[in-house]
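Below: run_25.pdb (PDB, C-alpha atoms)
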ATOM      1  CA  SER A  45     -47.874  24.913   0.128
ATOM      2  CA  LYS A  46     -47.652  21.153  -0.273
ATOM      3  CA  VAL A  47     -49.476  18.563  -2.340
ATOM      4  CA  GLY A  48     -49.455  15.907   0.386
ATOM      5  CA  ARG A  49     -48.556  12.240   0.241
ATOM      6  CA  ALA A  50     -51.905  10.941  -1.025
ATOM      7  CA  ARG A  51     -52.041  13.410  -3.924
ATOM      8  CA  PHE A  52     -48.378  12.826  -4.814
ATOM      9  CA  ASP A  53     -48.873   9.041  -4.796
ATOM     10  CA  ALA A  54     -51.913   9.451  -7.079
ATOM     11  CA  PHE A  55     -49.842  11.646  -9.421
ATOM     12  CA  LEU A  56     -47.098   9.009  -9.591
ATOM     13  CA  ARG A  57     -49.611   6.221 -10.295
ATOM     14  CA  GLU A  58     -51.201   8.317 -13.074
ATOM     15  CA  TYR A  59     -47.774   9.171 -14.480
ATOM     16  CA  PHE A  60     -46.669   5.528 -14.680
ATOM     17  CA  ASP A  61     -50.011   4.442 -16.154
ATOM     18  CA  THR A  62     -49.966   7.234 -18.757
ATOM     19  CA  PHE A  63     -46.366   6.872 -19.866
ATOM     20  CA  ALA A  64     -45.775   3.143 -19.475
ATOM     21  CA  PHE A  65     -43.324   1.765 -22.037
ATOM     22  CA  GLN A  66     -42.601   5.227 -23.467
ATOM     23  CA  SER A  67     -39.454   7.290 -23.584
ATOM     24  CA  MET A  68     -39.422  10.356 -21.356
ATOM     25  CA  THR A  69     -37.287  13.477 -21.265
ATOM     26  CA  THR A  70     -36.717  15.699 -18.270
ATOM     27  CA  ASP A  71     -38.470  18.647 -19.933
ATOM     28  CA  ARG A  72     -41.494  16.534 -20.871
ATOM     29  CA  PHE A  73     -41.737  15.144 -17.337
ATOM     30  CA  LEU A  74     -41.454  18.605 -15.765
ATOM     31  CA  ASP A  75     -44.174  19.970 -18.086
ATOM     32  CA  HIS A  76     -46.420  17.050 -17.115
ATOM     33  CA  MET A  77     -45.728  17.605 -13.423
ATOM     34  CA  ARG A  78     -46.504  21.320 -13.706
ATOM     35  CA  THR A  79     -49.832  20.806 -15.504
ATOM     36  CA  GLU A  80     -51.027  17.692 -13.663
ATOM     37  CA  LEU A  81     -49.764  18.274 -10.128
ATOM     38  CA  LEU A  82     -48.285  21.640  -9.265
ATOM     39  CA  GLU A  83     -50.711  24.021 -11.005
ATOM     40  CA  PRO A  84     -53.932  22.187 -10.011
ATOM     41  CA  GLU A  85     -52.717  22.113  -6.392
ATOM     42  CA  GLN A  86     -51.481  25.732  -6.622
ATOM     43  CA  VAL A  87     -47.999  24.743  -5.504
ATOM     44  CA  SER A  88     -45.027  26.900  -6.384
ATOM     45  CA  ILE A  89     -41.521  25.484  -6.095
ATOM     46  CA  ASP A  90     -38.186  26.387  -7.615
ATOM     47  CA  ILE A  91     -37.937  23.445 -10.000
ATOM     48  CA  ALA A  92     -34.597  24.643 -11.393
ATOM     49  CA  ALA A  93     -33.062  24.453  -7.905
ATOM     50  CA  TRP A  94     -34.253  20.865  -7.527
ATOM     51  CA  VAL A  95     -33.362  19.667 -11.020
ATOM     52  CA  ASP A  96     -30.370  21.724 -12.118
ATOM     53  CA  GLY A  97     -28.938  23.207  -8.921
ATOM     54  CA  PRO A  98     -26.049  21.796  -6.924
ATOM     55  CA  GLY A  99     -26.867  19.688  -3.891
ATOM     56  CA  LEU A 100     -30.242  19.915  -2.221
ATOM     57  CA  PRO A 101     -32.228  23.171  -2.211
ATOM     58  CA  ALA A 102     -32.239  25.229   0.973
ATOM     59  CA  GLU A 103     -36.033  24.872   1.293
ATOM     60  CA  MET A 104     -35.809  21.104   1.556
ATOM     61  CA  VAL A 105     -37.408  19.830   4.722
ATOM     62  CA  LEU A 106     -35.337  17.097   6.317
ATOM     63  CA  PRO A 107     -37.410  14.137   7.472
ATOM     64  CA  VAL A 108     -37.224  13.343  11.145
ATOM     65  CA  SER A 109     -37.815   9.942  12.688
ATOM     66  CA  ASP A 110     -37.087   8.660  16.139
ATOM     67  CA  ARG A 111     -36.851   5.036  14.990
ATOM     68  CA  PHE A 112     -33.035   5.010  14.748
ATOM     69  CA  GLU A 113     -32.819   6.848  18.072
ATOM     70  CA  ARG A 114     -34.861   4.049  19.657
ATOM     71  CA  VAL A 115     -32.472   1.491  18.147
ATOM     72  CA  ALA A 116     -29.523   3.420  19.594
ATOM     73  CA  ARG A 117     -31.189   3.434  23.033
ATOM     74  CA  THR A 118     -31.735  -0.323  22.749
ATOM     75  CA  ILE A 119     -28.036  -0.823  21.976
ATOM     76  CA  ALA A 120     -27.001   1.421  24.890
ATOM     77  CA  GLU A 121     -29.217  -0.484  27.317
ATOM     78  CA  TRP A 122     -27.872  -3.791  26.022
ATOM     79  CA  GLU A 123     -24.280  -2.561  26.381
ATOM     80  CA  GLN A 124     -25.022  -1.797  30.024
ATOM     81  CA  GLY A 125     -25.868  -5.460  30.537
ATOM     82  CA  GLY A 126     -29.581  -5.335  29.880
ATOM     83  CA  ARG A 127     -31.415  -7.903  27.837
ATOM     84  CA  ILE A 128     -33.256  -6.952  24.681
ATOM     85  CA  ASP A 129     -36.941  -7.734  24.789
ATOM     86  CA  ALA A 130     -37.659  -9.289  21.392
ATOM     87  CA  ALA A 131     -41.147  -7.745  21.515
ATOM     88  CA  ILE A 132     -39.735  -4.238  21.029
ATOM     89  CA  THR A 133     -38.057  -5.362  17.809
ATOM     90  CA  ASP A 134     -41.127  -7.034  16.303
ATOM     91  CA  GLU A 135     -41.860  -4.092  14.029
ATOM     92  CA  TRP A 136     -38.296  -3.176  13.144
ATOM     93  CA  THR A 137     -37.594  -2.811   9.439
ATOM     94  CA  THR A 138     -34.514  -4.149   7.688
ATOM     95  CA  TYR A 139     -32.948  -0.701   8.034
ATOM     96  CA  GLU A 140     -33.425  -0.702  11.799
ATOM     97  CA  TRP A 141     -31.837  -4.150  12.040
ATOM     98  CA  LEU A 142     -28.918  -2.987   9.908
ATOM     99  CA  HIS A 143     -28.538   0.101  12.092
ATOM    100  CA  PHE A 144     -28.590  -2.112  15.159
ATOM    101  CA  LEU A 145     -25.963  -4.545  13.873
ATOM    102  CA  ARG A 146     -23.683  -1.865  12.422
ATOM    103  CA  ASN A 147     -23.677   0.078  15.669
ATOM    104  CA  LEU A 148     -22.946  -2.719  18.101
ATOM    105  CA  PRO A 149     -19.726  -2.207  20.068
ATOM    106  CA  ASN A 150     -16.460  -3.725  18.881
ATOM    107  CA  GLY A 151     -15.021  -6.800  20.548
ATOM    108  CA  LEU A 152     -18.201  -8.613  21.530
ATOM    109  CA  SER A 153     -17.637 -11.687  23.666
ATOM    110  CA  ALA A 154     -18.635 -15.162  22.560
ATOM    111  CA  GLU A 155     -21.434 -15.070  25.139
ATOM    112  CA  ARG A 156     -22.853 -11.776  23.845
ATOM    113  CA  MET A 157     -22.719 -12.970  20.226
ATOM    114  CA  ALA A 158     -24.448 -16.226  21.195
ATOM    115  CA  GLU A 159     -27.077 -14.258  23.126
ATOM    116  CA  LEU A 160     -27.849 -12.080  20.097
ATOM    117  CA  ASP A 161     -27.957 -15.066  17.797
ATOM    118  CA  SER A 162     -30.219 -17.142  20.043
ATOM    119  CA  THR A 163     -32.557 -14.195  20.673
ATOM    120  CA  PHE A 164     -32.864 -12.996  17.077
ATOM    121  CA  GLY A 165     -31.711 -15.925  14.914
ATOM    122  CA  PHE A 166     -29.343 -13.837  12.816
ATOM    123  CA  THR A 167     -27.348 -16.829  11.546
ATOM    124  CA  ASP A 168     -30.544 -18.321  10.140
ATOM    125  CA  SER A 169     -31.840 -15.033   8.706
ATOM    126  CA  GLY A 170     -33.386 -15.204   5.265
ATOM    127  CA  ASN A 171     -32.649 -11.508   4.739
ATOM    128  CA  ALA A 172     -29.349 -11.324   2.827
ATOM    129  CA  GLU A 173     -28.687  -7.723   3.895
ATOM    130  CA  VAL A 174     -29.033  -8.529   7.598
ATOM    131  CA  LEU A 175     -27.257 -11.853   7.246
ATOM    132  CA  ALA A 176     -24.238 -10.316   5.490
ATOM    133  CA  VAL A 177     -23.749  -7.744   8.263
ATOM    134  CA  TRP A 178     -24.216 -10.427  10.928
ATOM    135  CA  LEU A 179     -21.708 -12.712   9.229
ATOM    136  CA  GLY A 180     -19.212  -9.841   9.135
ATOM    137  CA  LEU A 181     -19.690  -9.356  12.875
ATOM    138  CA  SER A 182     -19.299 -13.091  13.356
ATOM    139  CA  ILE A 183     -15.948 -13.040  11.569
ATOM    140  CA  THR A 184     -14.718 -10.048  13.560
ATOM    141  CA  ASN A 185     -15.864 -11.453  16.889
ATOM    142  CA  GLY A 186     -14.972 -15.102  16.282
ATOM    143  CA  HIS A 187     -18.581 -16.352  16.460
ATOM    144  CA  GLU A 188     -17.797 -19.844  15.194
ATOM    145  CA  ALA A 189     -21.422 -20.958  15.377
ATOM    146  CA  ALA A 190     -22.030 -18.843  12.251
ATOM    147  CA  TYR A 191     -19.069 -20.146  10.219
ATOM    148  CA  ALA A 192     -20.960 -22.969   8.485
ATOM    149  CA  ARG A 193     -23.624 -20.459   7.406
ATOM    150  CA  LEU A 194     -20.858 -18.081   6.305
ATOM    151  CA  ALA A 195     -19.337 -20.756   4.078
ATOM    152  CA  GLU A 196     -22.745 -21.620   2.605
ATOM    153  CA  PHE A 197     -23.530 -17.931   2.010
ATOM    154  CA  LEU A 198     -20.220 -17.300   0.257
ATOM    155  CA  ARG A 199     -20.632 -20.398  -1.931
ATOM    156  CA  THR A 200     -24.204 -19.597  -2.985
ATOM    157  CA  VAL A 201     -24.481 -15.805  -3.173
ATOM    158  CA  GLY A 202     -22.976 -14.095  -6.178
ATOM    159  CA  ARG A 203     -23.479 -10.463  -5.251
ATOM    160  CA  ARG A 204     -20.171  -8.665  -4.975
ATOM    161  CA  LYS A 205     -21.569  -6.211  -2.412
ATOM    162  CA  PHE A 206     -21.902  -9.136   0.006
ATOM    163  CA  LEU A 207     -18.846 -11.161  -0.966
ATOM    164  CA  VAL A 208     -16.094  -8.546  -0.967
ATOM    165  CA  PRO A 209     -16.668  -7.178   2.566
ATOM    166  CA  LEU A 210     -16.876 -10.689   4.031
ATOM    167  CA  TYR A 211     -13.729 -11.904   2.302
ATOM    168  CA  GLN A 212     -11.940  -8.694   3.322
ATOM    169  CA  ARG A 213     -12.857  -9.290   6.959
ATOM    170  CA  MET A 214     -11.617 -12.859   6.774
ATOM    171  CA  LEU A 215      -8.304 -11.679   5.322
ATOM    172  CA  GLU A 216      -7.650  -9.583   8.448
ATOM    173  CA  SER A 217      -6.392 -12.643  10.347
ATOM    174  CA  GLU A 218      -4.408 -15.767   9.495
ATOM    175  CA  GLU A 219      -7.243 -18.018  10.686
ATOM    176  CA  GLY A 220      -9.674 -16.027   8.574
ATOM    177  CA  ARG A 221      -7.368 -16.157   5.552
ATOM    178  CA  ALA A 222      -7.218 -19.946   5.766
ATOM    179  CA  MET A 223     -11.001 -20.109   6.049
ATOM    180  CA  ALA A 224     -11.422 -17.737   3.067
ATOM    181  CA  GLU A 225      -9.064 -19.777   0.916
ATOM    182  CA  ALA A 226     -10.876 -23.017   1.779
ATOM    183  CA  ILE A 227     -14.287 -21.532   1.019
ATOM    184  CA  TYR A 228     -13.076 -19.918  -2.199
ATOM    185  CA  ALA A 229     -11.559 -23.210  -3.359
ATOM    186  CA  GLN A 230     -14.976 -24.861  -2.978
TER     187      GLN A 230
END
Target encoding structure tokens, full file:
Amino acid sequence: SKVGRARFDAFLREYFDTFAFQSMTTDRFLDHMRTELLEPEQVSIDIAAWVDGPGLPAEMVLPVSDRFERVARTIAEWEQGGRIDAAITDEWTTYEWLHFLRNLPNGLSAERMAELDSTFGFTDSGNAEVLAVWLGLSITNGHEAAYARLAEFLRTVGRRKFLVPLYQRMLESEEGRAMAEAIYAQ
């Protein structure tokens, strides 16, 4: 049997309220979980498999969502020459946008890059995760309209997870190397 999302969320809220600013051990947490969540809800699980076992337990239920499948269909339709209706992307999360950008085909033309940028405003994105992936695509596909934003991003963002991949992409070509050296010097 399951406790359900609402009950689990309530347990977590109670746990954080009860033990705020205190040290916690695994054994103490597991005892608390047994007495406050599992036993009252009459739920039996193999805690040792979850906590001490290798990998994920066999009884784990894998979550299923069609959201990434819908993104993949959108990419496939776009690759076939279709236009992307911005309305279908209105409720996309950051993860869907990242999935979209990371799964675009290689070697996009200047026209296709410009189309994506004008439709979705990637170069002007305020989301650093999305922007970093877009800037990487811009480097790879020679989308010069994003280069000023790339330079600004590299000069103002200090997170290595964004900087290293972008500089590595620039170093893949002589033109990119020159651009990287100029930006780095600034």
Find the residue from A:Ser217, A:Thr70, A:Thr137, A:Ser182 that sits nearest to Leu160 of chain A; use all atoms listed in the file when measuring.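 Going through A:Ser217, A:Thr70, A:Thr137, A:Ser182 one by one, the smallest distance to Leu160 of chain A is for A:Ser182.
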Translate the PyMOL selection byres ((chain A and resi 138-143) around 10), as applied to the file shown, into an explicit residue set as an mmCIF file with C-alpha atoms, keeping the file's coordinate frame.
data_model
loop_
_atom_site.group_PDB
_atom_site.id
_atom_site.type_symbol
_atom_site.label_atom_id
_atom_site.label_comp_id
_atom_site.auth_asym_id
_atom_site.auth_seq_id
_atom_site.Cartn_x
_atom_site.Cartn_y
_atom_site.Cartn_z
ATOM 1 C CA ARG A 111 -36.851 5.036 14.990
ATOM 2 C CA PHE A 112 -33.035 5.010 14.748
ATOM 3 C CA GLU A 113 -32.819 6.848 18.072
ATOM 4 C CA ARG A 114 -34.861 4.049 19.657
ATOM 5 C CA VAL A 115 -32.472 1.491 18.147
ATOM 6 C CA ALA A 116 -29.523 3.420 19.594
ATOM 7 C CA ILE A 119 -28.036 -0.823 21.976
ATOM 8 C CA THR A 133 -38.057 -5.362 17.809
ATOM 9 C CA GLU A 135 -41.860 -4.092 14.029
ATOM 10 C CA TRP A 136 -38.296 -3.176 13.144
ATOM 11 C CA THR A 137 -37.594 -2.811 9.439
ATOM 12 C CA PHE A 144 -28.590 -2.112 15.159
ATOM 13 C CA LEU A 145 -25.963 -4.545 13.873
ATOM 14 C CA ARG A 146 -23.683 -1.865 12.422
ATOM 15 C CA ASN A 147 -23.677 0.078 15.669
ATOM 16 C CA LEU A 148 -22.946 -2.719 18.101
ATOM 17 C CA ASN A 171 -32.649 -11.508 4.739
ATOM 18 C CA GLU A 173 -28.687 -7.723 3.895
ATOM 19 C CA VAL A 174 -29.033 -8.529 7.598
ATOM 20 C CA LEU A 175 -27.257 -11.853 7.246
ATOM 21 C CA ALA A 176 -24.238 -10.316 5.490
ATOM 22 C CA VAL A 177 -23.749 -7.744 8.263
ATOM 23 C CA TRP A 178 -24.216 -10.427 10.928
#
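One finds atom CA of Ala226 of chain A at 15.4 Å from atom CA of Glu188 of chain A.
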Counting all atoms listed in the file, closest pick from A:Ala195, A:Val208, A:Val105, A:Ala158 relative to Met223 of chain A is A:Ala195
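Between atom CA of Thr69 of chain A and atom CA of Leu81 of chain A there is a distance of 17.4 Å.
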Residue nearest Glu196 of chain A - candidates A:Ala224, A:Val108, A:Ile89, A:Ile128, atoms counted: all atoms listed in the file: A:Ala224
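Atom CA of Asp110 of chain A to atom CA of Gly170 of chain A spans 26.5 Å [interatomic distance, one decimal].
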Skip segment 199-203 of chain A itself and residues of its chain fewer than 6 positions away, then list as number ranges by chain all residues within 8 Å of it, counting all atoms listed in the file. A: 227-228, 230
Please evaluate the PyMOL selection byres ((chain A and resi 211) around 10) against the structure above and give the resulting residues as an MDAnalysis selection string. chainID A and resid 180 183 198 206:210 212:216 220:221 223:225 227:228
Resulting file, chosen residues, C-alpha atoms, as a PDB file, in the frame of the given file:
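This is the output file out.pdb:
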ATOM      1  CA  GLY A 180     -19.212  -9.841   9.135  1.00  0.00           C
ATOM      2  CA  ILE A 183     -15.948 -13.040  11.569  1.00  0.00           C
ATOM      3  CA  LEU A 198     -20.220 -17.300   0.257  1.00  0.00           C
ATOM      4  CA  PHE A 206     -21.902  -9.136   0.006  1.00  0.00           C
ATOM      5  CA  LEU A 207     -18.846 -11.161  -0.966  1.00  0.00           C
ATOM      6  CA  VAL A 208     -16.094  -8.546  -0.967  1.00  0.00           C
ATOM      7  CA  PRO A 209     -16.668  -7.178   2.566  1.00  0.00           C
ATOM      8  CA  LEU A 210     -16.876 -10.689   4.031  1.00  0.00           C
ATOM      9  CA  GLN A 212     -11.940  -8.694   3.322  1.00  0.00           C
ATOM     10  CA  ARG A 213     -12.857  -9.290   6.959  1.00  0.00           C
ATOM     11  CA  MET A 214     -11.617 -12.859   6.774  1.00  0.00           C
ATOM     12  CA  LEU A 215      -8.304 -11.679   5.322  1.00  0.00           C
ATOM     13  CA  GLU A 216      -7.650  -9.583   8.448  1.00  0.00           C
ATOM     14  CA  GLY A 220      -9.674 -16.027   8.574  1.00  0.00           C
ATOM     15  CA  ARG A 221      -7.368 -16.157   5.552  1.00  0.00           C
ATOM     16  CA  MET A 223     -11.001 -20.109   6.049  1.00  0.00           C
ATOM     17  CA  ALA A 224     -11.422 -17.737   3.067  1.00  0.00           C
ATOM     18  CA  GLU A 225      -9.064 -19.777   0.916  1.00  0.00           C
ATOM     19  CA  ILE A 227     -14.287 -21.532   1.019  1.00  0.00           C
ATOM     20  CA  TYR A 228     -13.076 -19.918  -2.199  1.00  0.00           C
TER      21      TYR A 228
END
Considering all atoms listed in the file, return as a list in words whatever protein or nucleic-acid residues lie within 10 Å of segment 57-62 of chain A, sequence-local ones (same chain, fewer than 5 positions apart) excluded.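 Returned residues: Arg51, Phe52, Phe73, His76, Met77 and Glu80 of chain A.
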5 Å per side around segment 79-95 of chain A: axis-aligned box centre and edge lengths, as JSON:
{"center_x": -43.5, "center_y": 22.3, "center_z": -10.5, "size_x": 30.9, "size_y": 19.2, "size_z": 20.0}
Show which residues sit within 12 Å of Glu159 of chain A, as an MDAnalysis selection string. Count all atoms listed in the file, and ignore same-chain residues fewer than 3 positions away. chainID A and resid 122 125:130 152:156 162:167 187 189
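Nearest residue to Asn185 of chain A, choosing from A:Asn150, A:Phe197, A:Met68, A:Asp168 and counting all atoms listed in the file: A:Asn150.
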Might you spell out which residues the PyMOL selection byres ((chain A and resi 87) around 12) would select in the displayed file, as an MDAnalysis selection string? chainID A and resid 45:48 52 77:86 88:91
Some atoms are missing, so please complete segment 100-111 of chain A with all heavy atoms and return it as a short mmCIF file (atom, residue, chain, number, x, y, z; two decimals), keeping the file's coordinate frame.
data_model
loop_
_atom_site.label_atom_id
_atom_site.label_comp_id
_atom_site.auth_asym_id
_atom_site.auth_seq_id
_atom_site.Cartn_x
_atom_site.Cartn_y
_atom_site.Cartn_z
N LEU A 100 -28.82 19.84 -2.51
CA LEU A 100 -30.24 19.92 -2.22
C LEU A 100 -30.63 21.36 -1.95
O LEU A 100 -29.88 22.10 -1.31
CB LEU A 100 -30.58 19.04 -1.02
CG LEU A 100 -30.35 17.55 -1.23
CD1 LEU A 100 -30.51 16.78 0.08
CD2 LEU A 100 -31.30 17.00 -2.28
N PRO A 101 -31.79 21.78 -2.42
CA PRO A 101 -32.23 23.17 -2.21
C PRO A 101 -32.37 23.50 -0.72
O PRO A 101 -32.69 22.63 0.10
CB PRO A 101 -33.59 23.23 -2.90
CG PRO A 101 -33.60 22.09 -3.86
CD PRO A 101 -32.74 21.03 -3.23
N ALA A 102 -32.17 24.77 -0.41
CA ALA A 102 -32.24 25.23 0.97
C ALA A 102 -33.62 25.01 1.58
O ALA A 102 -33.75 24.79 2.78
CB ALA A 102 -31.85 26.70 1.05
N GLU A 103 -34.68 25.03 0.75
CA GLU A 103 -36.03 24.87 1.29
C GLU A 103 -36.42 23.42 1.58
O GLU A 103 -37.51 23.15 2.06
CB GLU A 103 -37.08 25.50 0.35
CG GLU A 103 -37.35 24.67 -0.89
CD GLU A 103 -36.86 25.30 -2.18
OE1 GLU A 103 -36.03 26.21 -2.13
OE2 GLU A 103 -37.31 24.85 -3.24
N MET A 104 -35.50 22.51 1.30
CA MET A 104 -35.81 21.10 1.56
C MET A 104 -36.04 20.87 3.05
O MET A 104 -35.27 21.32 3.88
CB MET A 104 -34.67 20.21 1.09
CG MET A 104 -34.97 18.75 1.27
SD MET A 104 -33.55 17.75 0.86
CE MET A 104 -33.57 16.65 2.23
N VAL A 105 -37.10 20.17 3.35
CA VAL A 105 -37.41 19.83 4.72
C VAL A 105 -36.81 18.45 5.00
O VAL A 105 -37.13 17.49 4.30
CB VAL A 105 -38.93 19.81 4.97
CG1 VAL A 105 -39.25 19.37 6.38
CG2 VAL A 105 -39.53 21.18 4.66
N LEU A 106 -35.95 18.38 5.98
CA LEU A 106 -35.34 17.10 6.32
C LEU A 106 -36.31 16.25 7.12
O LEU A 106 -36.91 16.73 8.08
CB LEU A 106 -34.06 17.30 7.12
CG LEU A 106 -32.91 17.95 6.38
CD1 LEU A 106 -31.76 18.25 7.33
CD2 LEU A 106 -32.44 17.08 5.24
N PRO A 107 -36.50 15.00 6.71
CA PRO A 107 -37.41 14.14 7.47
C PRO A 107 -36.81 13.79 8.83
O PRO A 107 -35.59 13.66 8.96
CB PRO A 107 -37.54 12.89 6.60
CG PRO A 107 -36.33 12.90 5.73
CD PRO A 107 -35.92 14.33 5.57
N VAL A 108 -37.66 13.67 9.80
CA VAL A 108 -37.22 13.34 11.14
C VAL A 108 -37.97 12.10 11.61
O VAL A 108 -39.18 11.99 11.44
CB VAL A 108 -37.51 14.51 12.12
CG1 VAL A 108 -37.11 14.13 13.53
CG2 VAL A 108 -36.79 15.77 11.68
N SER A 109 -37.22 11.16 12.14
CA SER A 109 -37.82 9.94 12.69
C SER A 109 -37.05 9.56 13.94
O SER A 109 -35.83 9.70 13.99
CB SER A 109 -37.74 8.80 11.67
OG SER A 109 -38.14 7.59 12.26
N ASP A 110 -37.76 9.08 14.91
CA ASP A 110 -37.09 8.66 16.14
C ASP A 110 -36.77 7.16 16.14
O ASP A 110 -36.26 6.63 17.11
CB ASP A 110 -37.92 9.03 17.36
CG ASP A 110 -39.20 8.23 17.46
OD1 ASP A 110 -39.66 7.66 16.45
OD2 ASP A 110 -39.75 8.16 18.58
N ARG A 111 -37.03 6.49 15.03
CA ARG A 111 -36.85 5.04 14.99
C ARG A 111 -35.39 4.64 15.21
O ARG A 111 -35.10 3.70 15.94
CB ARG A 111 -37.41 4.47 13.69
CG ARG A 111 -38.93 4.64 13.62
CD ARG A 111 -39.48 4.02 12.36
NE ARG A 111 -39.47 2.57 12.48
CZ ARG A 111 -40.56 1.82 12.53
NH1 ARG A 111 -41.74 2.37 12.49
NH2 ARG A 111 -40.46 0.51 12.61
#
